[in-house]
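S.K.: The structure is given below, and queries will be raised subsequently.
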Amino acid sequence: MAAQTDFAGLTRPRGQLDLATALQPYRGQLDERLAAHLLRRAGFGGSPDDVSRYAALSVNDAVESLVRFPSTGSITPPEEIYDVGAPQPMSAMDGRPPMKRAKIVRREARQALLALQLWWLNRMLSSQAPLQEKMTLYFHGHFTSHYTLRFPQITYNQNALFRRYALGNLRELTRQVSNDPAMLIYLNGAQNVAAHPNENYARELMELFTLGVDHYTEDDVRESARAWTGWRVDRRSAQATFDPQLHDNGAKTFLGQTGNFTGDDIVNIIFAQPACARFFAASLLSWFVYNNPESELVDGVAALLRKHDFELAPVVSAILRSNVFYSTRAYRALVKSPVEFTVGSYKVLGLSQVDEIALPALHQMGQELFNPPNVAGWPGGQNWLTSGTMIARQNFLTQLLNSQTLTQSSWLEKLPVQTRVASQTLVTTILQGDAAPAALYELDGYLSGAGSAALAALSTENYGQRISGAAYLAMAMPAYQLN
Amino acid sequence: MKRLNFLLGTVSGLTVVANGEHIFARALAETPLPGLPGSQNRCLVLINLFGGNDGLNCVVPHGDPQYYQLRPSLAVAPNDVLAIDPHVGLNPGMKSFKAMYDKGAVAIVQGVGYPNPDHSHFRSTEIWQTAAPDRYEHTGWLGRYFDEAGLPAQNLFNGVAVSQVLPEALFSNRTDIPAIPAVGQYSMIVDRDAQTRKAFTQGAQGQQMPFDSPYLAHVMEIEDHAQRSSEELPQLIAGYKTQASYPSTALGRSLALAAQIVGSNLGTKVIYVQHGSFDTHVSQKATQDLLLAQFSDAIAAFYQDLSAHGNDRRVLTLTFSEFGRRIEENGSRGTDHGEASPLFMIGGGVKGGLYGSLPNLAQTSMGNVRYTIDFRSVYATVLERWLGRPSAGVLSGTFEKIPVLG
C-alpha cells in the first residue's frame, strides 16, 4: 500500500521540509482552497458561506477568530443524561423483578449514550467555536476513556472537562483528568489504594498520555501509583472524592526526585521532563499538520510549549499560522477520521442538523464516540480505511444525499441548470477543485445524462435526482477522504 | 429503498465476472501459497464466543464434588452431563458436538488463559485479539500473520470477517480484510452507477491530481478493493451448493457463509465468526445452555457441509472467549467475570481428545480458574502447525506448541 509507511501505519509527506521557516508565520493570502483547509483542520470543514468568508480574511484574523472561544458556562448536556441513575426512575420501577429493572436501566443508559453522541456531533456541526470541539475530540482520543454504561453523566462530565480546557493549560488539564471519574473508572484509579496499589493509570499516564515509552522505569510506575492512591468515585453523585485513609503517605522516589508526593506533584515532575513537551508537540503536529512529523519540527513546537508554560492557545495559534501548515506537504496529508468525514459532510452540504443515520454509520466506519478501541485511542491514518469502512463511508453518503436532504441544503437546490456550471460548482465547493480533469468531464456527462453533451441543460423533471447524484459522485472521489 | 432511487437515471451494465472461474482463484491454483507443504489450501475458522463463556458449565468437571458445592443452583446435574470420562463431560445442550467428539474430530484444550488476567470485557477481548497481554498493539495476531505471510496482494479475500465491523484480531498494516456481515449487506447501496464511479476512480488513477498526499494511493487502492470485492463476491460464491441444513440462527448463517467461501476456493486463509453473548451474570442456565446448543448444532451442520464437499480436513475451527467465569455462582443464579477456560479445536484432522489439566477448584486465583496453558501456545500451534508460518514474530515470543495437530 502507501510507500512511506511508518510506525502505526502513519505516513509523512514526500519531499523536504524547509526547517528554517517551517514554523514562521505564513505571509501569503488565504484563498478558498486554503480557507477550506484551515476550516477542516481547525474544525470540521466549512459550509460554502464559511469558506468564502474565511477566504477574504488575513491569516491572522482567520486564526484569531478560531482560537477565541466563548466560555463553556452556558452549555447544557442533552436532557437524557440526567434521567439515568437518578433515584426517581428506580422507585418508579418498584415491584418489578430485578432482572426487568436492570434491563430498563440499561436501555435508558444506552439511549442516554446515543443522545450524548448525537448532541456532540451537532455541537461539532453548529458550534460557533469549531476548534473548541476539535480539541475536545483530540483530548477524547488522547486522554482516552471508555463510557461507563451505568453512569452517562460521568461520560458527559469528562467531555465537558475537555471542552473547558480545549485551548487551556495542558499541565492543569492533565491534573484534572487524572482525578476525573471516567478516568478513575476506566484505568482503575478508583481501585488504587495504599494497601493494594493499582498501577494501571500511573503507567498509561506516562506511556500514552505524557512521555512515551523509554522515558521512565518500572520503579517510576510503582512509585507514581503510590502517589495516586486514595481517589474514589462516589457512584451516587458521580463525583471523585479523596480518602486520606487510603492514600500512601510515605516517601516516593519518582524520576529522580524524592518526597511525599501526591498526584499533583507527579504531574509537575512529568511536565518538567524535556520528553513531555516533545511528546505533546509530536501529537499536536500529527493532529493539525501531518503524521510522523520531522524531529526538528517537533523540537520547534516543543520549545513553543515550554515558552508558553504549556498554554495551548498561543501554541495552536502558532501552528495554524505557520508556513508548514499552509504548505503542500500539509495539504490533504491526513485521512479524514469517520467523525470528520461525517460531520464535514453535513457541513459542506450546508445542512443544519446531524441526524440519527450518523450513529450506525460511524459504528460501521470504525469510530463510535466514547467507545475508543483501547486506551491508546484510535490509531488513525491509513488504519481508518479498509474495504468495509470504505463501503460504510460511501453508503453513508448515499443515505445522506437523498432528495429530502437536497431541499434542506443551503446551496444544492439553488445550483444553476446549466450542466457545466453545476459540475464546476460541485467540484469547487465539495473538493476545492481537487479532482482529476477526467472526473470533471464524467460529472458533466452524468449531469447531462448523455456522457458527451457537456453543455446541455438539465431537464426540470430529473433535476433534483441528478444534482444529488452528482453531489454523491463528487463526494465519492479520492480527495474527499483526505483532510 | 425509495429514497435511494435518485441514481436510477443511469442504469449501467455491471462488469459481470464469468460464473465460477475467478481470476484470483485461477492464479492461486497455479501458484502455491507460501508456507509448509500441505498448508496451501487450509483455512482457519475462528469463533469468538463473546461475553465470557463459563467454562465450567461448558466442559463440566462432574467428577469434582467442589464443583457441586460451589454451584448449588447452577451445576449441571451428574445425570445430565454428556460424560467424556469420570472427570469431565459436556453441557447437555451439546449433543451433536459430543457426537463429533466421540468420532475424534474435536480437541478440548483446558485451562487456557494468560498471566495477570484482566477482568474487563474490553481489555481482555483486546488481549485475546492482539495476543499482547503486556502492551497495546494496534494490529491483531492474525493481522500480523497476514502481513508476514506474503499472501497474494491481488486477492481481495485473503481473510474474511463475518461481522459488521472488522474485529481487532484481523487489523493489519498492509492487508485489507473485508468485514462481511452477510452477502447482501456487503455492497454499495447504490451500485447502479458503478460504471460512472469507476470512471471517476480510474480516471483519477491515471491522471495527475492537482494535489499530492501521502495517502492518495492508499485511498484509491481501498476504493478499488471495496468496489471490486463487493461486486464480485456474490458471483464468486454463487456456484456453491450447500449440503447441510443449518439451524436458522445467526451462527448457523455465519458458518453457512464460511463453508460457501471455503468451497468457492477464493484463497481465504482465515474466516472470523462470532457467537454470544455469554455474559451470564443473571440466570445463567437458560442463556448459556441455549447458546451452547446453538453452537453445537451449527458446528455439526458446518462440518457436514464441509465433508460433503471434501473440505472438512481443510478447515480447522478454533474457539475463544475473553475469559471464563468465577467458580462460585453469584446471588443471581449467574456467574461473574473469571479467568482461564477451555477452548475447542475442531476438524482439520486434529487429534481429538482432552488436552491440558482439569481445572483445579481448590487452588484458585482469587476464586477463578488459574490458567495452565498460555493462549499464545494455542496461537503458536495454529500458526506453525496449521497455517505453516513461524510464530515468534507474530506473537513477540516463543511459545510451546500443543501436540494437537501432529
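How things are named: the first chain in the C-alpha cells is A, the next is B, and so on; residues count from 1 in each chain; ligands count from 1 in the order shown.
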Given a cut-off of 8 Å, which residues of chain A touch chain B, counting only C-alpha atoms, written out as a VMD selection string?

M.R.: chain A and resid 1 to 2 4 8 to 9 11 to 14 99 328 to 329 331 to 335 363 to 366 374 376 379 382 to 383 385 to 391 394 to 395 398 to 399 402 to 403 433 to 439 442 446 449 465 to 466 468 to 469 473 476 to 479 481 to 482

S.K.: Name the residues of range 116-150 of chain B that fall into helix (DSSP H, G or I) according to DSSP on the backbone, using the chain letters and numbers of this document, as a list in words.

M.R.: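 After running DSSP on the backbone, range 116-150 of chain B has helix (DSSP H, G or I) at His121, Phe122, Arg123, Ser124, Thr125, Glu126, Ile127, Trp128, Gln129, Thr130, Trp141, Leu142, Gly143, Arg144, Tyr145, Phe146, Asp147, Glu148 and Ala149 of chain B.
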
S.K.: What's the 10 Å shell around Ala358 in chain A, counting only C-alpha atoms, without same-chain residues fewer than 3 positions away, as a PyMOL selection string?

M.R.: chain A and resi 117-118+121+338-339+342-343+346+354-355+361-364+396+399-400

S.K.: Output all heavy atoms for every residue in that selection, as a short mmCIF file (atom, residue, chain, number, x, y, z; two decimals), in the first residue's frame.

M.R.:
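Output (again.cif):
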```cif
data_model
loop_
_atom_site.label_atom_id
_atom_site.label_comp_id
_atom_site.auth_asym_id
_atom_site.auth_seq_id
_atom_site.Cartn_x
_atom_site.Cartn_y
_atom_site.Cartn_z
N GLN A 117 -23.93 11.15 22.08
CA GLN A 117 -23.16 11.11 20.83
C GLN A 117 -23.73 12.09 19.81
O GLN A 117 -23.00 12.87 19.21
CB GLN A 117 -23.17 9.69 20.25
CG GLN A 117 -22.36 8.69 21.06
CD GLN A 117 -22.54 7.26 20.56
OE1 GLN A 117 -23.54 6.93 19.93
NE2 GLN A 117 -21.58 6.39 20.85
N LEU A 118 -25.06 12.05 19.66
CA LEU A 118 -25.70 12.91 18.67
C LEU A 118 -25.56 14.38 19.06
O LEU A 118 -25.33 15.24 18.22
CB LEU A 118 -27.18 12.51 18.56
CG LEU A 118 -27.89 12.90 17.28
CD1 LEU A 118 -27.17 12.38 16.05
CD2 LEU A 118 -29.33 12.36 17.30
N LEU A 121 -22.03 15.46 18.17
CA LEU A 121 -21.88 15.62 16.72
C LEU A 121 -22.53 16.93 16.26
O LEU A 121 -21.99 17.64 15.41
CB LEU A 121 -22.51 14.43 15.98
CG LEU A 121 -21.80 13.09 16.16
CD1 LEU A 121 -22.67 11.95 15.64
CD2 LEU A 121 -20.44 13.08 15.45
N PRO A 338 -13.61 9.07 10.69
CA PRO A 338 -15.05 8.95 10.43
C PRO A 338 -15.85 10.15 10.95
O PRO A 338 -16.78 10.60 10.28
CB PRO A 338 -15.42 7.66 11.16
CG PRO A 338 -14.18 6.84 11.06
CD PRO A 338 -13.05 7.83 11.22
N VAL A 339 -15.47 10.68 12.11
CA VAL A 339 -16.20 11.82 12.65
C VAL A 339 -16.00 13.05 11.74
O VAL A 339 -16.95 13.77 11.42
CB VAL A 339 -15.77 12.11 14.10
CG1 VAL A 339 -16.26 13.48 14.56
CG2 VAL A 339 -16.29 11.02 15.03
N THR A 342 -18.02 12.45 8.57
CA THR A 342 -19.47 12.53 8.75
C THR A 342 -19.92 13.97 9.01
O THR A 342 -20.76 14.50 8.28
CB THR A 342 -19.88 11.63 9.94
OG1 THR A 342 -19.43 10.31 9.67
CG2 THR A 342 -21.38 11.62 10.12
N VAL A 343 -19.35 14.59 10.04
CA VAL A 343 -19.76 15.97 10.36
C VAL A 343 -19.44 16.89 9.19
O VAL A 343 -20.24 17.75 8.81
CB VAL A 343 -19.07 16.45 11.65
CG1 VAL A 343 -19.44 17.90 11.93
CG2 VAL A 343 -19.46 15.56 12.83
N TYR A 346 -22.18 16.90 6.48
CA TYR A 346 -23.33 17.76 6.78
C TYR A 346 -22.95 19.22 6.56
O TYR A 346 -23.73 20.03 6.07
CB TYR A 346 -23.77 17.56 8.23
CG TYR A 346 -24.51 16.26 8.48
CD1 TYR A 346 -23.82 15.11 8.88
CD2 TYR A 346 -25.88 16.18 8.31
CE1 TYR A 346 -24.49 13.92 9.12
CE2 TYR A 346 -26.57 14.99 8.54
CZ TYR A 346 -25.85 13.86 8.94
OH TYR A 346 -26.53 12.70 9.16
N VAL A 354 -27.15 17.20 12.32
CA VAL A 354 -26.72 15.81 12.16
C VAL A 354 -27.88 14.94 12.62
O VAL A 354 -28.39 15.10 13.73
CB VAL A 354 -25.47 15.50 13.02
CG1 VAL A 354 -25.08 14.04 12.89
CG2 VAL A 354 -24.31 16.40 12.64
N ASP A 355 -28.33 14.03 11.77
CA ASP A 355 -29.46 13.19 12.19
C ASP A 355 -29.00 11.79 12.56
O ASP A 355 -27.82 11.47 12.51
CB ASP A 355 -30.58 13.16 11.13
CG ASP A 355 -30.04 12.85 9.74
OD1 ASP A 355 -28.85 12.50 9.64
OD2 ASP A 355 -30.80 12.94 8.79
N ALA A 361 -23.78 4.66 11.15
CA ALA A 361 -22.75 4.85 10.11
C ALA A 361 -21.37 4.97 10.75
O ALA A 361 -20.41 4.35 10.30
CB ALA A 361 -23.07 6.08 9.28
N LEU A 362 -21.28 5.74 11.82
CA LEU A 362 -19.99 5.91 12.49
C LEU A 362 -19.50 4.58 13.06
O LEU A 362 -18.31 4.28 13.04
CB LEU A 362 -20.09 6.96 13.60
CG LEU A 362 -20.03 8.41 13.10
CD1 LEU A 362 -20.46 9.37 14.19
CD2 LEU A 362 -18.62 8.74 12.62
N HIS A 363 -20.42 3.80 13.59
CA HIS A 363 -20.05 2.47 14.09
C HIS A 363 -19.42 1.66 12.97
O HIS A 363 -18.36 1.04 13.14
CB HIS A 363 -21.29 1.79 14.66
CG HIS A 363 -21.09 0.35 15.01
ND1 HIS A 363 -20.25 -0.04 16.03
CD2 HIS A 363 -21.60 -0.77 14.48
CE1 HIS A 363 -20.26 -1.36 16.11
NE2 HIS A 363 -21.05 -1.83 15.18
N GLN A 364 -20.07 1.66 11.82
CA GLN A 364 -19.55 0.85 10.71
C GLN A 364 -18.27 1.41 10.12
O GLN A 364 -17.46 0.68 9.56
CB GLN A 364 -20.64 0.67 9.65
CG GLN A 364 -21.65 -0.35 10.12
CD GLN A 364 -22.92 -0.39 9.30
OE1 GLN A 364 -22.95 0.15 8.20
NE2 GLN A 364 -23.95 -1.00 9.84
N PHE A 396 -22.97 5.78 3.64
CA PHE A 396 -23.45 6.91 4.42
C PHE A 396 -23.77 8.09 3.49
O PHE A 396 -24.80 8.75 3.63
CB PHE A 396 -22.42 7.31 5.47
CG PHE A 396 -22.65 8.68 6.05
CD1 PHE A 396 -23.71 8.91 6.91
CD2 PHE A 396 -21.84 9.74 5.69
CE1 PHE A 396 -23.95 10.18 7.42
CE2 PHE A 396 -22.07 11.02 6.19
CZ PHE A 396 -23.13 11.24 7.06
N GLN A 399 -27.00 7.55 1.76
CA GLN A 399 -28.15 7.80 2.63
C GLN A 399 -28.35 9.30 2.85
O GLN A 399 -29.47 9.77 2.93
CB GLN A 399 -27.92 7.14 3.99
CG GLN A 399 -28.13 5.65 3.99
CD GLN A 399 -27.97 5.13 5.40
OE1 GLN A 399 -26.87 5.02 5.92
NE2 GLN A 399 -29.09 4.81 6.02
N LEU A 400 -27.25 10.01 2.98
CA LEU A 400 -27.33 11.44 3.27
C LEU A 400 -27.89 12.20 2.07
O LEU A 400 -28.65 13.14 2.22
CB LEU A 400 -25.93 11.95 3.63
CG LEU A 400 -25.82 13.39 4.11
CD1 LEU A 400 -26.64 13.58 5.38
CD2 LEU A 400 -24.36 13.75 4.37
#
```

S.K.: Between B:Thr364, B:Arg385, B:Leu395, B:Phe320, single out the one closest to Arg135 in chain B, counting only C-alpha atoms.

M.R.: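 Nearest to Arg135 in chain B: B:Leu395.
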
S.K.: Do a neighbour search on Phe344 in chain B at 7 Å with only C-alpha atoms, toss out local chain neighbours closer than 6 positions, and write the hits as a ChimeraX atom specification.

M.R.: /B:106-109,318-319
